[in-house]
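Quick notes on the structure that follows.
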There are 4 protein chains.
Amino acid sequence: MTAVQERSKTRRQRLLDAALEVFTSHGYSDAAIDQIARASDTSKGGLYFHFPSKQALFLALLGEASAALLTDVETAMAAETDPLARGDAALREVLHAFGGHRLLARLLLIDAVGAGKEFAVKLDELHAAFAALIARCLDDAVAQGLIPPQDTRLAAQAWYGAVNHVVLRWLMTGEPRRLEDAYPALRRLLLFGVTGASQEKVR
Amino acid sequence: MTAVQERSKTRRQRLLDAALEVFTSHGYSDAAIDQIARASDTSKGGLYFHFPSKQALFLALLGEASAALLTDVETAMAAETDPLARGDAALREVLHAFGGHRLLARLLLIDAVGAGKEFAVKLDELHAAFAALIARCLDDAVAQGLIPPQDTRLAAQAWYGAVNHVVLRWLMTGEPRRLEDAYPALRRLLLFGVTGASQEKVR
Amino acid sequence: MTAVQERSKTRRQRLLDAALEVFTSHGYSDAAIDQIARASDTSKGGLYFHFPSKQALFLALLGEASAALLTDVETAMAAETDPLARGDAALREVLHAFGGHRLLARLLLIDAVGAGKEFAVKLDELHAAFAALIARCLDDAVAQGLIPPQDTRLAAQAWYGAVNHVVLRWLMTGEPRRLEDAYPALRRLLLFGVTGASQEKVR
Amino acid sequence: MTAVQERSKTRRQRLLDAALEVFTSHGYSDAAIDQIARASDTSKGGLYFHFPSKQALFLALLGEASAALLTDVETAMAAETDPLARGDAALREVLHAFGGHRLLARLLLIDAVGAGKEFAVKLDELHAAFAALIARCLDDAVAQGLIPPQDTRLAAQAWYGAVNHVVLRWLMTGEPRRLEDAYPALRRLLLFGVTGASQEKVR
DNA sequence: AATGAATGAGCGTTCATTCAT
DNA sequence: TATGAATGAACGCTCATTCAT
């Protein structure tokens with residue numbers, strides 16, 4: 001990487017950092033390009049040199065955040081071999097990643113949601129990627145006889161939705177203080193959900 | 001109620017209907033007051049007679065939608081006495097209500113989320129009310145020995161989040177075609193999750 | 001016309017007047033909407049209530065100016081019956097109209113020309129309308145044997161171009177001081193041009 | 001001229017060529033420096049090395065185009081001795097030059113006109129030079145008794161305007177297909193115009 | 001000589017809100 | 001009550017120009 005590319009990368013990164021800050025504190029629509037430029041110690045023109053539009057900037061941010069999150073989770077899962085342990089690792093890592101990056105959580109779980117049709121696709125990709133990761137675990141677990149056969153796609157979504165909502169509550173109400181504290185109870189619920197109890201107990 | 005009040009109520013309702021339509025098809029920020037006025041066969045001035053601001057209109061809409069949803073769910077729950085049957089009824093009713101009112105689902109699950117800080121409180125109230133409803137079921141079930149003791153608040157949130165996300169997927173991808181079709185699998189997951197399996201199977 | 005329409009028309013007219021002033025003093029591109037709004041004692045929003053865009057405002061101005069000019073010329077021509085006298089009247093009226101409305105002349109002969117492709121059509125219509133007016137005179141004159149058969153379309157264009165250019169010189173250099181002073185010499189040239197001299201003299 | 005100067009000249013010419021292309025296809029205001037730089041296989045910085053501003057670039061282009069046109073016409077006129085034959089040669093050459101260089105015609109007759117006050121002077125110089133050329137012919141013709149005494153300045157302008165407008169029509173509507181086809185009729189009109197017919201025929 | 005990243009003033013346009021009628 | 005003309009602050013974006021390399 002040449003010195004020029006280096007500097008350019010720096011500027012681009014500064015812009016993304018500032019954008020994350022501003023978008024998450026005001027919401028997509030209420031975030032002004034001017035504000036982002038100011039927050040990144042750059043000029044409006046400079047921003048538009050690196051990103052062709054506000055939408056593209058947000059999209060880039062979404063892409064980087066999604067990729068970073070997915071990478072983290074995949075890495076954590078790769079360390080385990082047992083299917084359920086991998087699901088467990090995914091849960092732990094998601095809570096850890098979001099817990100350590102509040103803004104990233106806000107971006108993906110709040111700001112991206114109501115931002116407009118243009119971002120629904122990107123968000124959908126993230127959801128799909130996550131659901132696929134979990135569904136794979138569950139499919140493996142079913143294959144190994146660890147859990148009973150079931151609709152693993154839907155279970156994966158429910159899994160993801162449950163985690164999301166706990167994170168959302170944490171974002172909105174601040175409870176639990178440390179997001180990771182939700183781990184034990186959440187783990188229990190999710191595992192039990194897919195493990196299944198005897199029919200007699202439920203009926 | 002006088003005739004004038006009656007007509008006023010009609011107008012107000014027309015405005016709310018139009019607002020639901022426009023807000024859910026464009027998102028809060030991109031929805032124009034002009035559009036809502038036109039869609040409701042009223043004028044901008046007329047809208048401002050009934051609602052003091054765009055924000056207030058959206059808030060009123062959120063309020064009505066939330067209340068309607070909660071009422072439906074509470075009614076459905078009241079028909080059952082067994083705690084777990086009441087939770088089951090809640091699930092069925094939520095899927096039914098959202099499945100029958102796509103716009104309402106969009107409003108609460110998508111548009112209200114990224115609309116801005118001003119609406120976070122309202123959304124929080126809805127979440128809290130729902131969580132309380134479910135948590136009460138679970139507490140009762142624990143008290144009656146139907147399920148093991150657990151963090152019922154968190155379980156309620158996970159429950160709600162799982163349902164939300166399934167509805168969200170339905171909104172975004174159209175799957176499953178009929179939202180109610182998700183009921184059996186979702187029911188199984190949620191009940192098993194709170195019922196708990198034997199420790200041996202999980203470990 | 002109701003009082004509201006009356007006021008609206010007034011405002012619209014004020015906007016057109018201001019637009020003429022600003023467009024002709026800065027050129028289309030360098031004229032700022034802000035300036036026009038200020039010059040018309042209105043607000044930018046008010047301007048956009050009456051005209052959907054800068055382009056549309058300029059187009060409306062061109063339309064009104066063209067129409068006014070054409071009407072004047074047609075009226076002047078209608079007073080004459082002899083074909084050549086009608087052409088003569090057209091010349092006199094054009095010089096008179098432009099001479100009395102410097103801004104209108106600038107608008108049509110200078111500002112509209114380089115303003116962009118979008119206005120070429122409108123300008124073309126004006127040119128075509130004028131050329132048709134003159135060509136009709138010449139055709140009649142040919143039919144009555146007043147002038148020899150010739151390419152009347154092209155002659156009409158040459159006629160129009162000659163007048164245009166004299167007006168243009170007047171706009172740019174201020175000569176002659178009174179535009180109407182160019183009438184006698186111009187009349188002579190144009191009439192001789194179409195009347196035709198004996199072949200012997202030319203060869 | 002050194003090799004470096006040679007290369008510089010080449011670069012300068014490439015810039016002028018690209019500028020002609022871009023200015024005539026977008027108009028002065030809508031032509032972007034970026035576009036010109038790209039079209040000339042240079043950079044923005046490179047452009048600014050050769051020309052201090054957009055205005056100066058356009059002015060240089062105007063100057064070169066004007067000079068080229070005038071040189072062509074003067075050369076063509078120099079080949080003739082008879083005053084009216086020289087005017088005739090001028091007409092032929094103008095139609096030929098514009099007919100063969102559509103972009104040059106656009107530049108001088110359309111783009112330069114509405115581009116702004118800064119270019120009015122340059123345009124005026126061109127008009128004046130042309131008018132002087134024609135006026136000289138006419139003065140000579142008067143002196144030699146070939147045409148009757150008249151306002152030769154104004155006649156020259158009318159001459160020029162008529163030609164201009166025919167070229168303009170060709171640019172805007174594409175008629176006649178070959179600009180040179182307008183020559184015979186135009187020649188007849190212009191010569192007759194200055195030659196003058198007997199008063200009897202006109203009255 | 002040449003590059004292209006960076007600047008920042010300025011523009012056309014939008015839209016929630018107001019208010020005379 | 002209801003209307004819609006009017007307001008004006010704010011926004012996303014452009015682009016001629018500069019300058020470190």
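Letters A, B, ... go to the chains of the structure tokens in the order shown; residues in each chain start at 1; ligands are counted from 1 in the same order.
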Might you pull out every residue within 10 Å of segment 132-138 of chain A, with only C-alpha atoms (C1' of nucleotides) counted and same-chain residues fewer than 4 positions away left off, and present them as a PyMOL selection string?
-> chain A and resi 70+73-74+77+81-88+90-91+126-128+142-144+146-157+159-160+194-195
Please superimpose chain A upon chain D, fitting all C-alpha atoms matched one to one in order, and report the result as a PDB file with C-alpha atoms, in the first residue's frame.
```
ATOM      1  CA  MET A   1      10.355  24.472 -31.015  1.00  0.00           C
ATOM      2  CA  THR A   2      11.928  22.176 -28.446  1.00  0.00           C
ATOM      3  CA  ALA A   3      10.652  18.739 -27.654  1.00  0.00           C
ATOM      4  CA  VAL A   4       9.212  19.961 -24.384  1.00  0.00           C
ATOM      5  CA  GLN A   5       7.348  22.783 -26.048  1.00  0.00           C
ATOM      6  CA  GLU A   6       6.157  20.309 -28.608  1.00  0.00           C
ATOM      7  CA  ARG A   7       4.726  18.035 -25.986  1.00  0.00           C
ATOM      8  CA  SER A   8       3.252  20.915 -24.086  1.00  0.00           C
ATOM      9  CA  LYS A   9       1.625  22.195 -27.235  1.00  0.00           C
ATOM     10  CA  THR A  10       0.183  18.796 -27.831  1.00  0.00           C
ATOM     11  CA  ARG A  11      -1.297  18.686 -24.371  1.00  0.00           C
ATOM     12  CA  ARG A  12      -2.661  22.180 -24.683  1.00  0.00           C
ATOM     13  CA  GLN A  13      -4.217  21.293 -28.003  1.00  0.00           C
ATOM     14  CA  ARG A  14      -5.704  18.121 -26.584  1.00  0.00           C
ATOM     15  CA  LEU A  15      -7.244  20.215 -23.863  1.00  0.00           C
ATOM     16  CA  LEU A  16      -8.690  22.684 -26.328  1.00  0.00           C
ATOM     17  CA  ASP A  17     -10.092  19.872 -28.422  1.00  0.00           C
ATOM     18  CA  ALA A  18     -11.695  18.243 -25.431  1.00  0.00           C
ATOM     19  CA  ALA A  19     -13.002  21.577 -24.224  1.00  0.00           C
ATOM     20  CA  LEU A  20     -14.646  22.234 -27.587  1.00  0.00           C
ATOM     21  CA  GLU A  21     -16.279  18.852 -27.432  1.00  0.00           C
ATOM     22  CA  VAL A  22     -17.556  19.200 -23.880  1.00  0.00           C
ATOM     23  CA  PHE A  23     -18.552  22.859 -24.026  1.00  0.00           C
ATOM     24  CA  THR A  24     -20.567  22.351 -27.182  1.00  0.00           C
ATOM     25  CA  SER A  25     -22.312  19.266 -25.926  1.00  0.00           C
ATOM     26  CA  HIS A  26     -23.304  20.647 -22.531  1.00  0.00           C
ATOM     27  CA  GLY A  27     -23.104  24.403 -22.734  1.00  0.00           C
ATOM     28  CA  TYR A  28     -20.619  26.541 -20.884  1.00  0.00           C
ATOM     29  CA  SER A  29     -22.219  26.380 -17.467  1.00  0.00           C
ATOM     30  CA  ASP A  30     -23.066  22.720 -17.506  1.00  0.00           C
ATOM     31  CA  ALA A  31     -19.650  21.687 -18.767  1.00  0.00           C
ATOM     32  CA  ALA A  32     -17.579  20.419 -15.871  1.00  0.00           C
ATOM     33  CA  ILE A  33     -13.856  20.948 -15.706  1.00  0.00           C
ATOM     34  CA  ASP A  34     -13.610  17.347 -14.579  1.00  0.00           C
ATOM     35  CA  GLN A  35     -15.255  16.207 -17.764  1.00  0.00           C
ATOM     36  CA  ILE A  36     -12.908  18.196 -19.942  1.00  0.00           C
ATOM     37  CA  ALA A  37      -9.897  16.869 -18.091  1.00  0.00           C
ATOM     38  CA  ARG A  38     -11.150  13.317 -18.499  1.00  0.00           C
ATOM     39  CA  ALA A  39     -11.992  13.832 -22.161  1.00  0.00           C
ATOM     40  CA  SER A  40      -8.507  15.141 -22.825  1.00  0.00           C
ATOM     41  CA  ASP A  41      -6.828  12.233 -21.100  1.00  0.00           C
ATOM     42  CA  THR A  42      -5.294  14.628 -18.659  1.00  0.00           C
ATOM     43  CA  SER A  43      -5.843  15.548 -15.059  1.00  0.00           C
ATOM     44  CA  LYS A  44      -7.649  18.491 -13.613  1.00  0.00           C
ATOM     45  CA  GLY A  45      -4.370  19.838 -12.317  1.00  0.00           C
ATOM     46  CA  GLY A  46      -2.863  19.491 -15.755  1.00  0.00           C
ATOM     47  CA  LEU A  47      -5.662  21.551 -17.214  1.00  0.00           C
ATOM     48  CA  TYR A  48      -5.092  24.246 -14.630  1.00  0.00           C
ATOM     49  CA  PHE A  49      -1.429  24.258 -15.462  1.00  0.00           C
ATOM     50  CA  HIS A  50      -2.244  25.328 -18.995  1.00  0.00           C
ATOM     51  CA  PHE A  51      -5.280  27.489 -18.336  1.00  0.00           C
ATOM     52  CA  PRO A  52      -5.787  29.520 -15.187  1.00  0.00           C
ATOM     53  CA  SER A  53      -9.543  29.108 -15.060  1.00  0.00           C
ATOM     54  CA  LYS A  54     -12.565  27.678 -16.780  1.00  0.00           C
ATOM     55  CA  GLN A  55     -13.314  31.110 -18.101  1.00  0.00           C
ATOM     56  CA  ALA A  56      -9.841  31.492 -19.548  1.00  0.00           C
ATOM     57  CA  LEU A  57     -10.100  28.117 -21.209  1.00  0.00           C
ATOM     58  CA  PHE A  58     -13.379  29.047 -22.841  1.00  0.00           C
ATOM     59  CA  LEU A  59     -11.981  32.394 -23.837  1.00  0.00           C
ATOM     60  CA  ALA A  60      -8.947  30.753 -25.412  1.00  0.00           C
ATOM     61  CA  LEU A  61     -11.231  28.424 -27.296  1.00  0.00           C
ATOM     62  CA  LEU A  62     -13.313  31.325 -28.477  1.00  0.00           C
ATOM     63  CA  GLY A  63     -10.210  33.162 -29.552  1.00  0.00           C
ATOM     64  CA  GLU A  64      -8.816  30.262 -31.532  1.00  0.00           C
ATOM     65  CA  ALA A  65     -12.136  29.511 -33.164  1.00  0.00           C
ATOM     66  CA  SER A  66     -12.729  33.134 -34.089  1.00  0.00           C
ATOM     67  CA  ALA A  67      -9.231  33.534 -35.454  1.00  0.00           C
ATOM     68  CA  ALA A  68      -9.438  30.358 -37.500  1.00  0.00           C
ATOM     69  CA  LEU A  69     -12.763  31.365 -38.977  1.00  0.00           C
ATOM     70  CA  LEU A  70     -11.656  34.873 -39.782  1.00  0.00           C
ATOM     71  CA  THR A  71      -8.439  33.646 -41.347  1.00  0.00           C
ATOM     72  CA  ASP A  72     -10.325  31.232 -43.549  1.00  0.00           C
ATOM     73  CA  VAL A  73     -12.740  33.895 -44.681  1.00  0.00           C
ATOM     74  CA  GLU A  74     -10.059  36.491 -45.261  1.00  0.00           C
ATOM     75  CA  THR A  75      -8.046  34.035 -47.302  1.00  0.00           C
ATOM     76  CA  ALA A  76     -11.041  33.200 -49.423  1.00  0.00           C
ATOM     77  CA  MET A  77     -11.780  36.869 -49.957  1.00  0.00           C
ATOM     78  CA  ALA A  78      -8.200  37.671 -50.862  1.00  0.00           C
ATOM     79  CA  ALA A  79      -8.511  35.433 -53.910  1.00  0.00           C
ATOM     80  CA  GLU A  80     -11.064  37.774 -55.460  1.00  0.00           C
ATOM     81  CA  THR A  81     -10.699  41.329 -56.641  1.00  0.00           C
ATOM     82  CA  ASP A  82     -14.240  42.353 -57.497  1.00  0.00           C
ATOM     83  CA  PRO A  83     -15.916  43.712 -54.330  1.00  0.00           C
ATOM     84  CA  LEU A  84     -19.124  41.780 -54.760  1.00  0.00           C
ATOM     85  CA  ALA A  85     -17.230  38.645 -55.682  1.00  0.00           C
ATOM     86  CA  ARG A  86     -15.316  39.033 -52.432  1.00  0.00           C
ATOM     87  CA  GLY A  87     -18.533  39.279 -50.494  1.00  0.00           C
ATOM     88  CA  ASP A  88     -19.722  36.239 -52.341  1.00  0.00           C
ATOM     89  CA  ALA A  89     -16.527  34.401 -51.443  1.00  0.00           C
ATOM     90  CA  ALA A  90     -17.007  35.359 -47.790  1.00  0.00           C
ATOM     91  CA  LEU A  91     -20.492  33.884 -47.804  1.00  0.00           C
ATOM     92  CA  ARG A  92     -19.334  30.696 -49.458  1.00  0.00           C
ATOM     93  CA  GLU A  93     -16.436  30.324 -47.062  1.00  0.00           C
ATOM     94  CA  VAL A  94     -18.506  30.965 -43.932  1.00  0.00           C
ATOM     95  CA  LEU A  95     -21.017  28.323 -44.972  1.00  0.00           C
ATOM     96  CA  HIS A  96     -18.195  25.997 -45.857  1.00  0.00           C
ATOM     97  CA  ALA A  97     -16.282  26.551 -42.627  1.00  0.00           C
ATOM     98  CA  PHE A  98     -19.301  26.173 -40.379  1.00  0.00           C
ATOM     99  CA  GLY A  99     -20.638  23.321 -42.480  1.00  0.00           C
ATOM    100  CA  GLY A 100     -17.372  21.471 -42.012  1.00  0.00           C
ATOM    101  CA  HIS A 101     -16.998  22.275 -38.333  1.00  0.00           C
ATOM    102  CA  ARG A 102     -20.300  21.831 -36.651  1.00  0.00           C
ATOM    103  CA  LEU A 103     -18.821  22.161 -33.163  1.00  0.00           C
ATOM    104  CA  LEU A 104     -17.129  25.412 -34.027  1.00  0.00           C
ATOM    105  CA  ALA A 105     -20.444  26.735 -35.264  1.00  0.00           C
ATOM    106  CA  ARG A 106     -22.183  25.656 -32.064  1.00  0.00           C
ATOM    107  CA  LEU A 107     -19.480  27.236 -29.970  1.00  0.00           C
ATOM    108  CA  LEU A 108     -19.662  30.620 -31.624  1.00  0.00           C
ATOM    109  CA  LEU A 109     -23.350  30.836 -32.430  1.00  0.00           C
ATOM    110  CA  ILE A 110     -24.889  29.143 -29.409  1.00  0.00           C
ATOM    111  CA  ASP A 111     -22.637  28.439 -26.472  1.00  0.00           C
ATOM    112  CA  ALA A 112     -20.759  31.704 -26.437  1.00  0.00           C
ATOM    113  CA  VAL A 113     -23.938  33.756 -26.601  1.00  0.00           C
ATOM    114  CA  GLY A 114     -25.518  32.962 -23.265  1.00  0.00           C
ATOM    115  CA  ALA A 115     -22.295  32.131 -21.453  1.00  0.00           C
ATOM    116  CA  GLY A 116     -22.090  35.395 -19.586  1.00  0.00           C
ATOM    117  CA  LYS A 117     -21.004  38.975 -19.680  1.00  0.00           C
ATOM    118  CA  GLU A 118     -17.346  38.005 -19.644  1.00  0.00           C
ATOM    119  CA  PHE A 119     -17.574  36.654 -23.149  1.00  0.00           C
ATOM    120  CA  ALA A 120     -19.730  39.335 -24.664  1.00  0.00           C
ATOM    121  CA  VAL A 121     -16.650  41.383 -25.428  1.00  0.00           C
ATOM    122  CA  LYS A 122     -14.941  38.586 -27.284  1.00  0.00           C
ATOM    123  CA  LEU A 123     -18.076  37.853 -29.216  1.00  0.00           C
ATOM    124  CA  ASP A 124     -18.443  41.489 -29.995  1.00  0.00           C
ATOM    125  CA  GLU A 125     -14.954  41.549 -31.412  1.00  0.00           C
ATOM    126  CA  LEU A 126     -15.818  38.693 -33.723  1.00  0.00           C
ATOM    127  CA  HIS A 127     -18.993  40.364 -34.867  1.00  0.00           C
ATOM    128  CA  ALA A 128     -17.192  43.624 -35.402  1.00  0.00           C
ATOM    129  CA  ALA A 129     -14.398  41.992 -37.366  1.00  0.00           C
ATOM    130  CA  PHE A 130     -16.868  40.234 -39.630  1.00  0.00           C
ATOM    131  CA  ALA A 131     -19.007  43.285 -40.091  1.00  0.00           C
ATOM    132  CA  ALA A 132     -15.905  45.286 -40.980  1.00  0.00           C
ATOM    133  CA  LEU A 133     -14.935  42.718 -43.596  1.00  0.00           C
ATOM    134  CA  ILE A 134     -18.314  42.875 -45.256  1.00  0.00           C
ATOM    135  CA  ALA A 135     -18.718  46.606 -44.855  1.00  0.00           C
ATOM    136  CA  ARG A 136     -15.408  47.058 -46.660  1.00  0.00           C
ATOM    137  CA  CYS A 137     -16.698  45.044 -49.624  1.00  0.00           C
ATOM    138  CA  LEU A 138     -19.838  47.075 -49.734  1.00  0.00           C
ATOM    139  CA  ASP A 139     -17.999  50.364 -49.460  1.00  0.00           C
ATOM    140  CA  ASP A 140     -15.788  49.342 -52.353  1.00  0.00           C
ATOM    141  CA  ALA A 141     -18.803  48.280 -54.341  1.00  0.00           C
ATOM    142  CA  VAL A 142     -20.438  51.632 -53.693  1.00  0.00           C
ATOM    143  CA  ALA A 143     -17.251  53.448 -54.696  1.00  0.00           C
ATOM    144  CA  GLN A 144     -17.115  51.491 -57.954  1.00  0.00           C
ATOM    145  CA  GLY A 145     -20.763  52.214 -58.657  1.00  0.00           C
ATOM    146  CA  LEU A 146     -21.718  48.542 -58.464  1.00  0.00           C
ATOM    147  CA  ILE A 147     -24.382  49.184 -55.850  1.00  0.00           C
ATOM    148  CA  PRO A 148     -26.200  52.323 -54.812  1.00  0.00           C
ATOM    149  CA  PRO A 149     -25.013  54.341 -51.792  1.00  0.00           C
ATOM    150  CA  GLN A 150     -26.438  52.983 -48.541  1.00  0.00           C
ATOM    151  CA  ASP A 151     -25.788  52.378 -44.848  1.00  0.00           C
ATOM    152  CA  THR A 152     -23.098  49.771 -45.411  1.00  0.00           C
ATOM    153  CA  ARG A 153     -22.484  49.170 -41.691  1.00  0.00           C
ATOM    154  CA  LEU A 154     -26.037  48.145 -41.126  1.00  0.00           C
ATOM    155  CA  ALA A 155     -26.150  46.195 -44.339  1.00  0.00           C
ATOM    156  CA  ALA A 156     -23.084  44.276 -43.228  1.00  0.00           C
ATOM    157  CA  GLN A 157     -24.740  43.415 -39.952  1.00  0.00           C
ATOM    158  CA  ALA A 158     -27.906  42.312 -41.646  1.00  0.00           C
ATOM    159  CA  TRP A 159     -25.804  40.216 -44.002  1.00  0.00           C
ATOM    160  CA  TYR A 160     -23.999  38.617 -41.077  1.00  0.00           C
ATOM    161  CA  GLY A 161     -27.189  38.104 -39.116  1.00  0.00           C
ATOM    162  CA  ALA A 162     -28.939  36.436 -42.029  1.00  0.00           C
ATOM    163  CA  VAL A 163     -26.081  33.996 -42.484  1.00  0.00           C
ATOM    164  CA  ASN A 164     -25.846  33.352 -38.752  1.00  0.00           C
ATOM    165  CA  HIS A 165     -29.463  32.504 -38.486  1.00  0.00           C
ATOM    166  CA  VAL A 166     -29.392  30.100 -41.377  1.00  0.00           C
ATOM    167  CA  VAL A 167     -26.460  28.369 -39.720  1.00  0.00           C
ATOM    168  CA  LEU A 168     -28.338  28.367 -36.443  1.00  0.00           C
ATOM    169  CA  ARG A 169     -31.335  26.679 -38.048  1.00  0.00           C
ATOM    170  CA  TRP A 170     -29.019  24.128 -39.525  1.00  0.00           C
ATOM    171  CA  LEU A 171     -27.569  23.475 -36.079  1.00  0.00           C
ATOM    172  CA  MET A 172     -30.902  23.204 -34.385  1.00  0.00           C
ATOM    173  CA  THR A 173     -33.106  21.506 -36.943  1.00  0.00           C
ATOM    174  CA  GLY A 174     -30.601  19.926 -39.301  1.00  0.00           C
ATOM    175  CA  GLU A 175     -31.981  21.752 -42.300  1.00  0.00           C
ATOM    176  CA  PRO A 176     -30.693  21.954 -44.915  1.00  0.00           C
ATOM    177  CA  ARG A 177     -28.829  18.702 -44.565  1.00  0.00           C
ATOM    178  CA  ARG A 178     -25.708  20.180 -46.077  1.00  0.00           C
ATOM    179  CA  LEU A 179     -25.286  23.727 -44.916  1.00  0.00           C
ATOM    180  CA  GLU A 180     -23.673  24.658 -48.225  1.00  0.00           C
ATOM    181  CA  ASP A 181     -26.963  23.926 -49.964  1.00  0.00           C
ATOM    182  CA  ALA A 182     -28.282  27.187 -48.573  1.00  0.00           C
ATOM    183  CA  TYR A 183     -25.707  29.068 -50.574  1.00  0.00           C
ATOM    184  CA  PRO A 184     -27.528  29.858 -53.855  1.00  0.00           C
ATOM    185  CA  ALA A 185     -30.679  31.224 -52.328  1.00  0.00           C
ATOM    186  CA  LEU A 186     -28.827  33.077 -49.622  1.00  0.00           C
ATOM    187  CA  ARG A 187     -26.470  34.592 -52.166  1.00  0.00           C
ATOM    188  CA  ARG A 188     -29.371  35.806 -54.230  1.00  0.00           C
ATOM    189  CA  LEU A 189     -31.076  37.423 -51.260  1.00  0.00           C
ATOM    190  CA  LEU A 190     -27.994  39.137 -49.980  1.00  0.00           C
ATOM    191  CA  LEU A 191     -26.865  40.443 -53.328  1.00  0.00           C
ATOM    192  CA  PHE A 192     -30.313  41.682 -54.247  1.00  0.00           C
ATOM    193  CA  GLY A 193     -30.612  43.293 -50.863  1.00  0.00           C
ATOM    194  CA  VAL A 194     -27.607  45.472 -51.338  1.00  0.00           C
ATOM    195  CA  THR A 195     -27.961  45.840 -55.102  1.00  0.00           C
ATOM    196  CA  GLY A 196     -31.336  47.385 -54.747  1.00  0.00           C
ATOM    197  CA  ALA A 197     -34.339  47.155 -57.051  1.00  0.00           C
ATOM    198  CA  SER A 198     -36.041  50.064 -58.722  1.00  0.00           C
ATOM    199  CA  GLN A 199     -38.062  52.121 -56.312  1.00  0.00           C
ATOM    200  CA  GLU A 200     -41.149  51.623 -58.469  1.00  0.00           C
ATOM    201  CA  LYS A 201     -41.218  47.915 -57.852  1.00  0.00           C
ATOM    202  CA  VAL A 202     -41.041  48.257 -54.094  1.00  0.00           C
ATOM    203  CA  ARG A 203     -43.555  51.014 -53.634  1.00  0.00           C
TER     204      ARG A 203
END
```
Residue set, segment 85-167 of chain A restricted to alpha helix (DSSP H), as a tab-separated table (two decimals) with C-alpha atoms, in the first residue's frame:
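Below is the file that was written, out.tsv:
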```tsv
chain	number	residue	atom	x	y	z
A	85	ALA	CA	-21.25	-25.73	21.37
A	86	ARG	CA	-20.87	-23.76	18.15
A	87	GLY	CA	-24.31	-22.30	18.57
A	88	ASP	CA	-23.39	-21.49	22.11
A	89	ALA	CA	-20.21	-19.80	20.93
A	90	ALA	CA	-22.22	-17.76	18.42
A	91	LEU	CA	-24.51	-16.53	21.17
A	92	ARG	CA	-21.62	-15.63	23.43
A	93	GLU	CA	-19.80	-13.83	20.64
A	94	VAL	CA	-22.84	-11.85	19.49
A	95	LEU	CA	-23.47	-10.63	23.02
A	96	HIS	CA	-19.80	-9.88	23.41
A	97	ALA	CA	-19.49	-8.04	20.10
A	98	PHE	CA	-22.60	-5.94	20.59
A	99	GLY	CA	-21.80	-5.43	24.26
A	100	GLY	CA	-18.41	-4.05	23.31
A	102	ARG	CA	-22.78	-0.20	21.43
A	103	LEU	CA	-22.82	2.01	18.34
A	104	LEU	CA	-22.52	-0.95	16.04
A	105	ALA	CA	-25.48	-2.53	17.79
A	106	ARG	CA	-27.52	0.66	17.43
A	117	LYS	CA	-36.33	0.48	1.47
A	118	GLU	CA	-32.85	0.92	0.06
A	119	PHE	CA	-31.31	-0.69	3.09
A	120	ALA	CA	-33.78	-3.48	3.59
A	121	VAL	CA	-31.83	-5.64	1.19
A	122	LYS	CA	-28.58	-5.20	3.03
A	123	LEU	CA	-30.27	-5.89	6.32
A	124	ASP	CA	-31.89	-8.91	4.84
A	125	GLU	CA	-28.52	-10.22	3.79
A	126	LEU	CA	-27.26	-9.89	7.33
A	127	HIS	CA	-30.28	-11.65	8.74
A	128	ALA	CA	-30.00	-14.39	6.18
A	129	ALA	CA	-26.30	-14.89	6.82
A	130	PHE	CA	-26.88	-15.17	10.55
A	131	ALA	CA	-29.84	-17.44	10.18
A	132	ALA	CA	-27.81	-19.67	7.88
A	133	LEU	CA	-25.03	-19.88	10.45
A	134	ILE	CA	-27.39	-20.96	13.17
A	135	ALA	CA	-29.48	-23.19	10.95
A	136	ARG	CA	-26.30	-25.04	9.99
A	137	CYS	CA	-25.54	-25.73	13.66
A	138	LEU	CA	-29.03	-26.98	14.22
A	139	ASP	CA	-28.99	-29.16	11.13
A	140	ASP	CA	-25.75	-30.71	12.29
A	141	ALA	CA	-27.17	-31.23	15.74
A	142	VAL	CA	-30.21	-32.93	14.25
A	143	ALA	CA	-27.98	-35.12	12.07
A	152	THR	CA	-34.34	-25.46	11.77
A	153	ARG	CA	-34.78	-22.39	9.55
A	154	LEU	CA	-37.51	-21.03	11.73
A	155	ALA	CA	-35.71	-22.03	14.87
A	156	ALA	CA	-32.67	-20.12	13.69
A	157	GLN	CA	-34.76	-17.04	13.11
A	158	ALA	CA	-36.39	-17.30	16.48
A	159	TRP	CA	-32.95	-17.72	18.01
A	160	TYR	CA	-31.70	-14.63	16.21
A	161	GLY	CA	-34.80	-12.63	17.04
A	162	ALA	CA	-34.60	-13.49	20.72
A	163	VAL	CA	-30.99	-12.35	20.90
A	164	ASN	CA	-31.74	-9.21	18.90
A	165	HIS	CA	-34.50	-8.19	21.18
A	166	VAL	CA	-32.45	-8.66	24.31
A	167	VAL	CA	-29.78	-6.47	22.75
```
Neighbours of chain A in chain E at 12 Å, counting only C-alpha atoms (C1' of nucleotides), as a ChimeraX atom specification = /E:3-9
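Going from atom C1' of DC15 of chain F over to atom C1' of DA1 of chain E, you cover 23.6 Å.
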